[in-house]
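> So that we are looking at the same thing, I have put the structure below in structure tokens.
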Amino acid sequence: MLDELDRTILEILIDDARISLKELSQKVGLSSPSVSERLRRLEEKKVIRAFTVDIDPVALGYSLTAIVRVRPLPGMLHIVEKLIKETPEITECDKVTGDDCFIGKLQFRTMEQLDTILDRLAEKAETNTSIVKASPVKRRLPPLS
């Protein structure tokens, strides 16, 4: 699926998504049009989904993080899923198998704010919340090879 040059381009972009096309071309030893074409193909194939920015939630005042497991009450699955999608403090969420249906990551400023968020779910779902003390593995990509 990916050749060595594509992997090299991706590794460089992972380190610096703002690198200029000229500099990227120099690093991989290809012309700018060739690198541009490879980038276009990687985007077309959905290997590259977006060029984005990584903002530290703490810099925005969100000093607390929690992992919340959510088990909707009978008949409430779609309502709870909609509520999760509409809650901006839930920054990530996966629909999972097992006892719970959703596992979400919450960013919040105070314990009172956490209570307010969880109270919105309380009538429609059971929750189990854990406060994150540290993140020894930050979000990362799987190996490119």
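Letters A, B, ... mark the chains of the structure tokens in the order given; residue numbers begin at 1 per chain; ligand numbers begin at 1, in order shown.
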Could you pull the residues within 7 Å of region 124-140 of chain A, counting only C-alpha atoms, minus those fewer than 5 positions along the same chain, as a JSON list (two decimals) with all heavy atoms, in the first residue's frame?


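And here's out.json as it stands now:
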```json
[["chain", "number", "residue", "atom", "x", "y", "z"],
["A", 65, "THR", "N", -8.79, 15.76, 33.05],
["A", 65, "THR", "CA", -9.23, 14.81, 32.03],
["A", 65, "THR", "C", -9.82, 13.60, 32.73],
["A", 65, "THR", "O", -9.32, 13.16, 33.76],
["A", 65, "THR", "CB", -8.03, 14.36, 31.15],
["A", 65, "THR", "OG1", -7.44, 15.52, 30.57],
["A", 65, "THR", "CG2", -8.46, 13.41, 30.06],
["A", 66, "ALA", "N", -10.88, 13.08, 32.15],
["A", 66, "ALA", "CA", -11.49, 11.86, 32.69],
["A", 66, "ALA", "C", -11.81, 10.91, 31.55],
["A", 66, "ALA", "O", -12.06, 11.33, 30.42],
["A", 66, "ALA", "CB", -12.77, 12.19, 33.46],
["A", 67, "ILE", "N", -11.80, 9.65, 31.88],
["A", 67, "ILE", "CA", -12.28, 8.60, 30.98],
["A", 67, "ILE", "C", -13.63, 8.18, 31.56],
["A", 67, "ILE", "O", -13.73, 7.88, 32.75],
["A", 67, "ILE", "CB", -11.32, 7.39, 30.93],
["A", 67, "ILE", "CG1", -9.91, 7.83, 30.52],
["A", 67, "ILE", "CG2", -11.87, 6.30, 30.02],
["A", 67, "ILE", "CD1", -9.80, 8.46, 29.15],
["A", 68, "VAL", "N", -14.65, 8.18, 30.73],
["A", 68, "VAL", "CA", -15.98, 7.80, 31.21],
["A", 68, "VAL", "C", -16.51, 6.64, 30.37],
["A", 68, "VAL", "O", -16.46, 6.67, 29.15],
["A", 68, "VAL", "CB", -16.96, 9.00, 31.22],
["A", 68, "VAL", "CG1", -17.17, 9.56, 29.83],
["A", 68, "VAL", "CG2", -18.29, 8.63, 31.85],
["A", 69, "ARG", "N", -16.94, 5.60, 31.08],
["A", 69, "ARG", "CA", -17.60, 4.48, 30.43],
["A", 69, "ARG", "C", -19.09, 4.72, 30.54],
["A", 69, "ARG", "O", -19.59, 5.07, 31.62],
["A", 69, "ARG", "CB", -17.19, 3.17, 31.09],
["A", 69, "ARG", "CG", -15.70, 2.91, 30.94],
["A", 69, "ARG", "CD", -15.21, 1.57, 31.49],
["A", 69, "ARG", "NE", -16.15, 0.79, 32.22],
["A", 69, "ARG", "CZ", -15.95, 0.33, 33.47],
["A", 69, "ARG", "NH1", -14.84, 0.61, 34.10],
["A", 69, "ARG", "NH2", -16.86, -0.40, 34.07],
["A", 70, "VAL", "N", -19.80, 4.53, 29.45],
["A", 70, "VAL", "CA", -21.23, 4.85, 29.41],
["A", 70, "VAL", "C", -22.02, 3.63, 28.98],
["A", 70, "VAL", "O", -21.73, 3.01, 27.95],
["A", 70, "VAL", "CB", -21.49, 6.02, 28.42],
["A", 70, "VAL", "CG1", -22.97, 6.38, 28.40],
["A", 70, "VAL", "CG2", -20.64, 7.23, 28.78],
["A", 71, "ARG", "N", -23.01, 3.30, 29.78],
["A", 71, "ARG", "CA", -23.91, 2.19, 29.48],
["A", 71, "ARG", "C", -25.33, 2.75, 29.42],
["A", 71, "ARG", "O", -25.95, 3.01, 30.45],
["A", 71, "ARG", "CB", -23.83, 1.11, 30.56],
["A", 71, "ARG", "CG", -24.71, -0.09, 30.27],
["A", 71, "ARG", "CD", -24.67, -1.10, 31.38],
["A", 71, "ARG", "NE", -23.30, -1.46, 31.67],
["A", 71, "ARG", "CZ", -22.93, -2.20, 32.70],
["A", 71, "ARG", "NH1", -23.82, -2.66, 33.54],
["A", 71, "ARG", "NH2", -21.66, -2.47, 32.91],
["A", 72, "PRO", "N", -25.87, 2.96, 28.21],
["A", 72, "PRO", "CA", -27.22, 3.51, 28.09],
["A", 72, "PRO", "C", -28.27, 2.59, 28.74],
["A", 72, "PRO", "O", -28.12, 1.37, 28.73],
["A", 72, "PRO", "CB", -27.46, 3.59, 26.58],
["A", 72, "PRO", "CG", -26.08, 3.62, 26.00],
["A", 72, "PRO", "CD", -25.24, 2.78, 26.90],
["A", 73, "LEU", "N", -29.29, 3.20, 29.29],
["A", 73, "LEU", "CA", -30.42, 2.43, 29.83],
["A", 73, "LEU", "C", -31.18, 1.85, 28.64],
["A", 73, "LEU", "O", -31.05, 2.32, 27.51],
["A", 73, "LEU", "CB", -31.30, 3.34, 30.67],
["A", 73, "LEU", "CG", -30.62, 3.95, 31.91],
["A", 73, "LEU", "CD1", -31.54, 4.95, 32.59],
["A", 73, "LEU", "CD2", -30.20, 2.85, 32.88],
["A", 76, "MET", "N", -32.33, 3.62, 25.18],
["A", 76, "MET", "CA", -31.74, 4.96, 25.17],
["A", 76, "MET", "C", -30.45, 5.06, 24.35],
["A", 76, "MET", "O", -29.82, 6.13, 24.32],
["A", 76, "MET", "CB", -31.44, 5.42, 26.60],
["A", 76, "MET", "CG", -32.64, 5.59, 27.46],
["A", 76, "MET", "SD", -33.49, 7.08, 26.94],
["A", 76, "MET", "CE", -34.90, 7.06, 28.01],
["A", 80, "VAL", "N", -28.52, 8.58, 23.86],
["A", 80, "VAL", "CA", -27.24, 8.79, 24.55],
["A", 80, "VAL", "C", -26.14, 9.09, 23.54],
["A", 80, "VAL", "O", -25.32, 10.00, 23.76],
["A", 80, "VAL", "CB", -26.89, 7.55, 25.42],
["A", 80, "VAL", "CG1", -25.46, 7.64, 25.93],
["A", 80, "VAL", "CG2", -27.87, 7.43, 26.57]]
```

> If you run DSSP on the backbone here, which positions in region 18-137 of chain A get helix (DSSP H, G or I)? Please write them as a PDB file with N, CA, C and O atoms, in the first residue's frame.


```pdb
ATOM      1  N   LEU A  21       6.518  22.654   1.004  1.00  0.00           N
ATOM      2  CA  LEU A  21       6.653  21.646  -0.041  1.00  0.00           C
ATOM      3  C   LEU A  21       8.102  21.588  -0.541  1.00  0.00           C
ATOM      4  O   LEU A  21       8.641  20.502  -0.764  1.00  0.00           O
ATOM      5  N   LYS A  22       8.718  22.755  -0.638  1.00  0.00           N
ATOM      6  CA  LYS A  22      10.114  22.812  -1.097  1.00  0.00           C
ATOM      7  C   LYS A  22      11.030  22.049  -0.138  1.00  0.00           C
ATOM      8  O   LYS A  22      11.860  21.241  -0.554  1.00  0.00           O
ATOM      9  N   GLU A  23      10.875  22.303   1.161  1.00  0.00           N
ATOM     10  CA  GLU A  23      11.727  21.636   2.156  1.00  0.00           C
ATOM     11  C   GLU A  23      11.445  20.135   2.210  1.00  0.00           C
ATOM     12  O   GLU A  23      12.358  19.322   2.309  1.00  0.00           O
ATOM     13  N   LEU A  24      10.165  19.766   2.135  1.00  0.00           N
ATOM     14  CA  LEU A  24       9.788  18.349   2.121  1.00  0.00           C
ATOM     15  C   LEU A  24      10.419  17.655   0.914  1.00  0.00           C
ATOM     16  O   LEU A  24      10.983  16.566   1.037  1.00  0.00           O
ATOM     17  N   SER A  25      10.360  18.312  -0.243  1.00  0.00           N
ATOM     18  CA  SER A  25      10.947  17.755  -1.468  1.00  0.00           C
ATOM     19  C   SER A  25      12.446  17.532  -1.310  1.00  0.00           C
ATOM     20  O   SER A  25      12.981  16.496  -1.717  1.00  0.00           O
ATOM     21  N   GLN A  26      13.132  18.502  -0.709  1.00  0.00           N
ATOM     22  CA  GLN A  26      14.573  18.374  -0.490  1.00  0.00           C
ATOM     23  C   GLN A  26      14.888  17.203   0.438  1.00  0.00           C
ATOM     24  O   GLN A  26      15.841  16.465   0.209  1.00  0.00           O
ATOM     25  N   LYS A  27      14.083  17.047   1.484  1.00  0.00           N
ATOM     26  CA  LYS A  27      14.348  15.979   2.462  1.00  0.00           C
ATOM     27  C   LYS A  27      14.178  14.594   1.863  1.00  0.00           C
ATOM     28  O   LYS A  27      14.859  13.657   2.275  1.00  0.00           O
ATOM     29  N   VAL A  28      13.232  14.434   0.918  1.00  0.00           N
ATOM     30  CA  VAL A  28      13.005  13.101   0.335  1.00  0.00           C
ATOM     31  C   VAL A  28      13.719  12.921  -1.001  1.00  0.00           C
ATOM     32  O   VAL A  28      13.706  11.837  -1.573  1.00  0.00           O
ATOM     33  N   SER A  32       9.463  19.104  -6.315  1.00  0.00           N
ATOM     34  CA  SER A  32       8.226  19.566  -5.672  1.00  0.00           C
ATOM     35  C   SER A  32       6.978  19.010  -6.350  1.00  0.00           C
ATOM     36  O   SER A  32       6.061  18.557  -5.668  1.00  0.00           O
ATOM     37  N   PRO A  33       6.909  18.996  -7.711  1.00  0.00           N
ATOM     38  CA  PRO A  33       5.721  18.417  -8.349  1.00  0.00           C
ATOM     39  C   PRO A  33       5.525  16.927  -8.014  1.00  0.00           C
ATOM     40  O   PRO A  33       4.395  16.469  -7.834  1.00  0.00           O
ATOM     41  N   SER A  34       6.636  16.180  -7.921  1.00  0.00           N
ATOM     42  CA  SER A  34       6.527  14.751  -7.583  1.00  0.00           C
ATOM     43  C   SER A  34       5.989  14.560  -6.168  1.00  0.00           C
ATOM     44  O   SER A  34       5.128  13.712  -5.925  1.00  0.00           O
ATOM     45  N   VAL A  35       6.488  15.354  -5.226  1.00  0.00           N
ATOM     46  CA  VAL A  35       6.005  15.259  -3.836  1.00  0.00           C
ATOM     47  C   VAL A  35       4.548  15.715  -3.763  1.00  0.00           C
ATOM     48  O   VAL A  35       3.731  15.096  -3.088  1.00  0.00           O
ATOM     49  N   SER A  36       4.233  16.757  -4.486  1.00  0.00           N
ATOM     50  CA  SER A  36       2.855  17.258  -4.512  1.00  0.00           C
ATOM     51  C   SER A  36       1.905  16.177  -5.021  1.00  0.00           C
ATOM     52  O   SER A  36       0.807  15.978  -4.472  1.00  0.00           O
ATOM     53  N   GLU A  37       2.304  15.462  -6.053  1.00  0.00           N
ATOM     54  CA  GLU A  37       1.488  14.375  -6.603  1.00  0.00           C
ATOM     55  C   GLU A  37       1.337  13.242  -5.588  1.00  0.00           C
ATOM     56  O   GLU A  37       0.259  12.679  -5.419  1.00  0.00           O
ATOM     57  N   ARG A  38       2.415  12.902  -4.908  1.00  0.00           N
ATOM     58  CA  ARG A  38       2.333  11.853  -3.879  1.00  0.00           C
ATOM     59  C   ARG A  38       1.378  12.275  -2.749  1.00  0.00           C
ATOM     60  O   ARG A  38       0.579  11.478  -2.276  1.00  0.00           O
ATOM     61  N   LEU A  39       1.471  13.530  -2.329  1.00  0.00           N
ATOM     62  CA  LEU A  39       0.569  14.029  -1.284  1.00  0.00           C
ATOM     63  C   LEU A  39      -0.882  13.962  -1.749  1.00  0.00           C
ATOM     64  O   LEU A  39      -1.770  13.558  -0.994  1.00  0.00           O
ATOM     65  N   ARG A  40      -1.118  14.356  -3.001  1.00  0.00           N
ATOM     66  CA  ARG A  40      -2.481  14.314  -3.545  1.00  0.00           C
ATOM     67  C   ARG A  40      -3.019  12.884  -3.527  1.00  0.00           C
ATOM     68  O   ARG A  40      -4.144  12.643  -3.120  1.00  0.00           O
ATOM     69  N   ARG A  41      -2.173  11.921  -3.934  1.00  0.00           N
ATOM     70  CA  ARG A  41      -2.602  10.512  -3.930  1.00  0.00           C
ATOM     71  C   ARG A  41      -2.854  10.008  -2.505  1.00  0.00           C
ATOM     72  O   ARG A  41      -3.812   9.271  -2.263  1.00  0.00           O
ATOM     73  N   LEU A  42      -2.003  10.395  -1.558  1.00  0.00           N
ATOM     74  CA  LEU A  42      -2.195   9.978  -0.167  1.00  0.00           C
ATOM     75  C   LEU A  42      -3.498  10.553   0.399  1.00  0.00           C
ATOM     76  O   LEU A  42      -4.197   9.886   1.165  1.00  0.00           O
ATOM     77  N   GLU A  43      -3.828  11.772   0.011  1.00  0.00           N
ATOM     78  CA  GLU A  43      -5.096  12.370   0.437  1.00  0.00           C
ATOM     79  C   GLU A  43      -6.273  11.685  -0.247  1.00  0.00           C
ATOM     80  O   GLU A  43      -7.292  11.397   0.385  1.00  0.00           O
ATOM     81  N   GLU A  44      -6.129  11.407  -1.537  1.00  0.00           N
ATOM     82  CA  GLU A  44      -7.178  10.746  -2.304  1.00  0.00           C
ATOM     83  C   GLU A  44      -7.503   9.370  -1.723  1.00  0.00           C
ATOM     84  O   GLU A  44      -8.654   8.959  -1.659  1.00  0.00           O
ATOM     85  N   PRO A  57      -5.091  21.113  25.735  1.00  0.00           N
ATOM     86  CA  PRO A  57      -6.284  21.537  26.470  1.00  0.00           C
ATOM     87  C   PRO A  57      -5.959  22.345  27.729  1.00  0.00           C
ATOM     88  O   PRO A  57      -6.707  23.238  28.109  1.00  0.00           O
ATOM     89  N   VAL A  58      -4.824  22.064  28.357  1.00  0.00           N
ATOM     90  CA  VAL A  58      -4.427  22.797  29.563  1.00  0.00           C
ATOM     91  C   VAL A  58      -4.237  24.279  29.245  1.00  0.00           C
ATOM     92  O   VAL A  58      -4.597  25.145  30.043  1.00  0.00           O
ATOM     93  N   ALA A  59      -3.726  24.576  28.056  1.00  0.00           N
ATOM     94  CA  ALA A  59      -3.528  25.972  27.646  1.00  0.00           C
ATOM     95  C   ALA A  59      -4.858  26.712  27.513  1.00  0.00           C
ATOM     96  O   ALA A  59      -4.900  27.938  27.580  1.00  0.00           O
ATOM     97  N   LEU A  60      -5.946  25.967  27.363  1.00  0.00           N
ATOM     98  CA  LEU A  60      -7.287  26.558  27.268  1.00  0.00           C
ATOM     99  C   LEU A  60      -8.024  26.504  28.601  1.00  0.00           C
ATOM    100  O   LEU A  60      -9.212  26.817  28.669  1.00  0.00           O
ATOM    101  N   LEU A  77     -30.055   4.006  23.665  1.00  0.00           N
ATOM    102  CA  LEU A  77     -28.772   3.991  22.965  1.00  0.00           C
ATOM    103  C   LEU A  77     -28.613   5.181  22.019  1.00  0.00           C
ATOM    104  O   LEU A  77     -27.627   5.912  22.092  1.00  0.00           O
ATOM    105  N   HIS A  78     -29.559   5.396  21.128  1.00  0.00           N
ATOM    106  CA  HIS A  78     -29.429   6.460  20.130  1.00  0.00           C
ATOM    107  C   HIS A  78     -29.514   7.846  20.769  1.00  0.00           C
ATOM    108  O   HIS A  78     -28.821   8.775  20.328  1.00  0.00           O
ATOM    109  N   ILE A  79     -30.317   7.975  21.802  1.00  0.00           N
ATOM    110  CA  ILE A  79     -30.430   9.256  22.507  1.00  0.00           C
ATOM    111  C   ILE A  79     -29.110   9.579  23.203  1.00  0.00           C
ATOM    112  O   ILE A  79     -28.618  10.715  23.144  1.00  0.00           O
ATOM    113  N   VAL A  80     -28.520   8.584  23.856  1.00  0.00           N
ATOM    114  CA  VAL A  80     -27.241   8.787  24.549  1.00  0.00           C
ATOM    115  C   VAL A  80     -26.136   9.095  23.540  1.00  0.00           C
ATOM    116  O   VAL A  80     -25.321  10.000  23.762  1.00  0.00           O
ATOM    117  N   GLU A  81     -26.119   8.387  22.424  1.00  0.00           N
ATOM    118  CA  GLU A  81     -25.100   8.657  21.403  1.00  0.00           C
ATOM    119  C   GLU A  81     -25.218  10.099  20.902  1.00  0.00           C
ATOM    120  O   GLU A  81     -24.211  10.795  20.753  1.00  0.00           O
ATOM    121  N   LYS A  82     -26.424  10.566  20.679  1.00  0.00           N
ATOM    122  CA  LYS A  82     -26.646  11.950  20.235  1.00  0.00           C
ATOM    123  C   LYS A  82     -26.179  12.932  21.308  1.00  0.00           C
ATOM    124  O   LYS A  82     -25.519  13.931  21.012  1.00  0.00           O
ATOM    125  N   LEU A  83     -26.488  12.643  22.554  1.00  0.00           N
ATOM    126  CA  LEU A  83     -26.082  13.506  23.661  1.00  0.00           C
ATOM    127  C   LEU A  83     -24.558  13.580  23.768  1.00  0.00           C
ATOM    128  O   LEU A  83     -23.984  14.654  23.972  1.00  0.00           O
ATOM    129  N   ILE A  84     -23.894  12.452  23.603  1.00  0.00           N
ATOM    130  CA  ILE A  84     -22.428  12.414  23.629  1.00  0.00           C
ATOM    131  C   ILE A  84     -21.866  13.291  22.505  1.00  0.00           C
ATOM    132  O   ILE A  84     -20.956  14.094  22.718  1.00  0.00           O
ATOM    133  N   LYS A  85     -22.418  13.151  21.300  1.00  0.00           N
ATOM    134  CA  LYS A  85     -21.943  13.942  20.158  1.00  0.00           C
ATOM    135  C   LYS A  85     -22.156  15.438  20.370  1.00  0.00           C
ATOM    136  O   LYS A  85     -21.399  16.255  19.862  1.00  0.00           O
ATOM    137  N   MET A 111     -14.340  20.048  39.044  1.00  0.00           N
ATOM    138  CA  MET A 111     -15.154  18.872  39.370  1.00  0.00           C
ATOM    139  C   MET A 111     -16.643  19.203  39.215  1.00  0.00           C
ATOM    140  O   MET A 111     -17.430  18.337  38.835  1.00  0.00           O
ATOM    141  N   GLU A 112     -17.017  20.442  39.480  1.00  0.00           N
ATOM    142  CA  GLU A 112     -18.411  20.851  39.312  1.00  0.00           C
ATOM    143  C   GLU A 112     -18.817  20.738  37.845  1.00  0.00           C
ATOM    144  O   GLU A 112     -19.934  20.319  37.529  1.00  0.00           O
ATOM    145  N   GLN A 113     -17.917  21.115  36.946  1.00  0.00           N
ATOM    146  CA  GLN A 113     -18.212  20.992  35.522  1.00  0.00           C
ATOM    147  C   GLN A 113     -18.380  19.520  35.142  1.00  0.00           C
ATOM    148  O   GLN A 113     -19.277  19.169  34.375  1.00  0.00           O
ATOM    149  N   LEU A 114     -17.528  18.651  35.690  1.00  0.00           N
ATOM    150  CA  LEU A 114     -17.665  17.215  35.435  1.00  0.00           C
ATOM    151  C   LEU A 114     -19.033  16.731  35.898  1.00  0.00           C
ATOM    152  O   LEU A 114     -19.721  15.998  35.174  1.00  0.00           O
ATOM    153  N   ASP A 115     -19.445  17.136  37.102  1.00  0.00           N
ATOM    154  CA  ASP A 115     -20.761  16.737  37.610  1.00  0.00           C
ATOM    155  C   ASP A 115     -21.882  17.186  36.687  1.00  0.00           C
ATOM    156  O   ASP A 115     -22.825  16.430  36.422  1.00  0.00           O
ATOM    157  N   THR A 116     -21.795  18.400  36.184  1.00  0.00           N
ATOM    158  CA  THR A 116     -22.822  18.925  35.284  1.00  0.00           C
ATOM    159  C   THR A 116     -22.910  18.087  34.008  1.00  0.00           C
ATOM    160  O   THR A 116     -24.005  17.751  33.549  1.00  0.00           O
ATOM    161  N   ILE A 117     -21.760  17.734  33.462  1.00  0.00           N
ATOM    162  CA  ILE A 117     -21.729  16.914  32.242  1.00  0.00           C
ATOM    163  C   ILE A 117     -22.336  15.536  32.513  1.00  0.00           C
ATOM    164  O   ILE A 117     -23.173  15.054  31.755  1.00  0.00           O
ATOM    165  N   LEU A 118     -21.906  14.920  33.609  1.00  0.00           N
ATOM    166  CA  LEU A 118     -22.404  13.579  33.931  1.00  0.00           C
ATOM    167  C   LEU A 118     -23.880  13.592  34.294  1.00  0.00           C
ATOM    168  O   LEU A 118     -24.604  12.635  33.989  1.00  0.00           O
ATOM    169  N   ASP A 119     -24.346  14.674  34.914  1.00  0.00           N
ATOM    170  CA  ASP A 119     -25.766  14.779  35.264  1.00  0.00           C
ATOM    171  C   ASP A 119     -26.647  14.747  34.021  1.00  0.00           C
ATOM    172  O   ASP A 119     -27.762  14.236  34.052  1.00  0.00           O
ATOM    173  N   ARG A 120     -26.155  15.304  32.900  1.00  0.00           N
ATOM    174  CA  ARG A 120     -26.924  15.269  31.650  1.00  0.00           C
ATOM    175  C   ARG A 120     -27.125  13.845  31.154  1.00  0.00           C
ATOM    176  O   ARG A 120     -28.107  13.553  30.486  1.00  0.00           O
ATOM    177  N   LEU A 121     -26.187  12.968  31.489  1.00  0.00           N
ATOM    178  CA  LEU A 121     -26.281  11.572  31.059  1.00  0.00           C
ATOM    179  C   LEU A 121     -27.038  10.699  32.055  1.00  0.00           C
ATOM    180  O   LEU A 121     -27.539   9.636  31.691  1.00  0.00           O
ATOM    181  N   ALA A 122     -27.142  11.140  33.300  1.00  0.00           N
ATOM    182  CA  ALA A 122     -27.616  10.301  34.403  1.00  0.00           C
ATOM    183  C   ALA A 122     -29.015   9.716  34.200  1.00  0.00           C
ATOM    184  O   ALA A 122     -29.273   8.588  34.612  1.00  0.00           O
TER     185      ALA A 122
END
```

> Measuring atom to atom with only C-alpha atoms, identify which of A:Cys101, A:Leu30, A:Met1, A:Ile48 is nearest to Ile14 (chain A).

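Ranked by minimum distance to Ile14 (chain A), first place goes to A:Ile48.
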
> If you run DSSP over the backbone, which residues in chain A end up strand (DSSP E or B)? Put them as a PyMOL selection string.

chain A and resi 64-72+90-95+102-108+125-131

> For region 88-93 of chain A, find every residue with an atom within 8 Å (counting only C-alpha atoms), except residues of its own chain fewer than 3 positions away, and show them as a VMD selection string.

chain A and resid 84 to 85 102 to 108

> Those same residues, written as a PDB file, in the first residue's frame with C-alpha atoms?


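The resulting file, out00.pdb, is reproduced below:
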```pdb
ATOM      1  CA  ILE A  84     -22.428  12.414  23.629  1.00  0.00           C
ATOM      2  CA  LYS A  85     -21.943  13.942  20.158  1.00  0.00           C
ATOM      3  CA  PHE A 102     -19.235   3.954  24.834  1.00  0.00           C
ATOM      4  CA  ILE A 103     -15.869   4.964  26.258  1.00  0.00           C
ATOM      5  CA  GLY A 104     -15.250   8.687  26.125  1.00  0.00           C
ATOM      6  CA  LYS A 105     -12.537  11.144  27.016  1.00  0.00           C
ATOM      7  CA  LEU A 106     -13.641  14.325  28.771  1.00  0.00           C
ATOM      8  CA  GLN A 107     -11.720  17.566  29.186  1.00  0.00           C
ATOM      9  CA  PHE A 108     -12.998  19.818  31.975  1.00  0.00           C
TER      10      PHE A 108
END
```

> Just the residues within 12 Å of Asp3 (chain A), please, counting only C-alpha atoms, with nothing from its chain fewer than 2 positions along; format it as a list in words.

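With the cut-off at 12 Å, the set is Met1, Leu5, Asp6, Arg7, Thr8, Ile9, Leu10, Arg38, Leu42, Leu144 and Ser145 of chain A.
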
> Taking into account only C-alpha atoms, which residue in the set A:Gly61, A:Lys45, A:Asp56, A:Lys95 is nearest to Leu2 (chain A)?

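For Leu2 (chain A), the nearest of the given residues is A:Lys45.
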
> Record the distance separating CA of Thr52 (chain A) and CA of Leu13 (chain A), expressed in Å with one decimal.

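Spanning CA of Thr52 (chain A) to CA of Leu13 (chain A) is a straight-line distance of 10.8 Å.
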
> Under the rule that only C-alpha atoms are counted, which of A:Ile55, A:Asp16, A:Pro74, A:Ser31 is the nearest residue to Glu123 (chain A)?

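Nearest to Glu123 (chain A): A:Pro74.
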
> Would you work out the distance separating CA of Leu141 (chain A) from CA of Ser20 (chain A), expressed in Å to one decimal?

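It comes out at 22.2 Å.
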
> Mind giving me the straight-line distance from CA of Arg109 (chain A) to CA of Thr87 (chain A) in Å, one decimal?

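According to the coordinates, CA of Arg109 (chain A) and CA of Thr87 (chain A) are separated by 14.5 Å.
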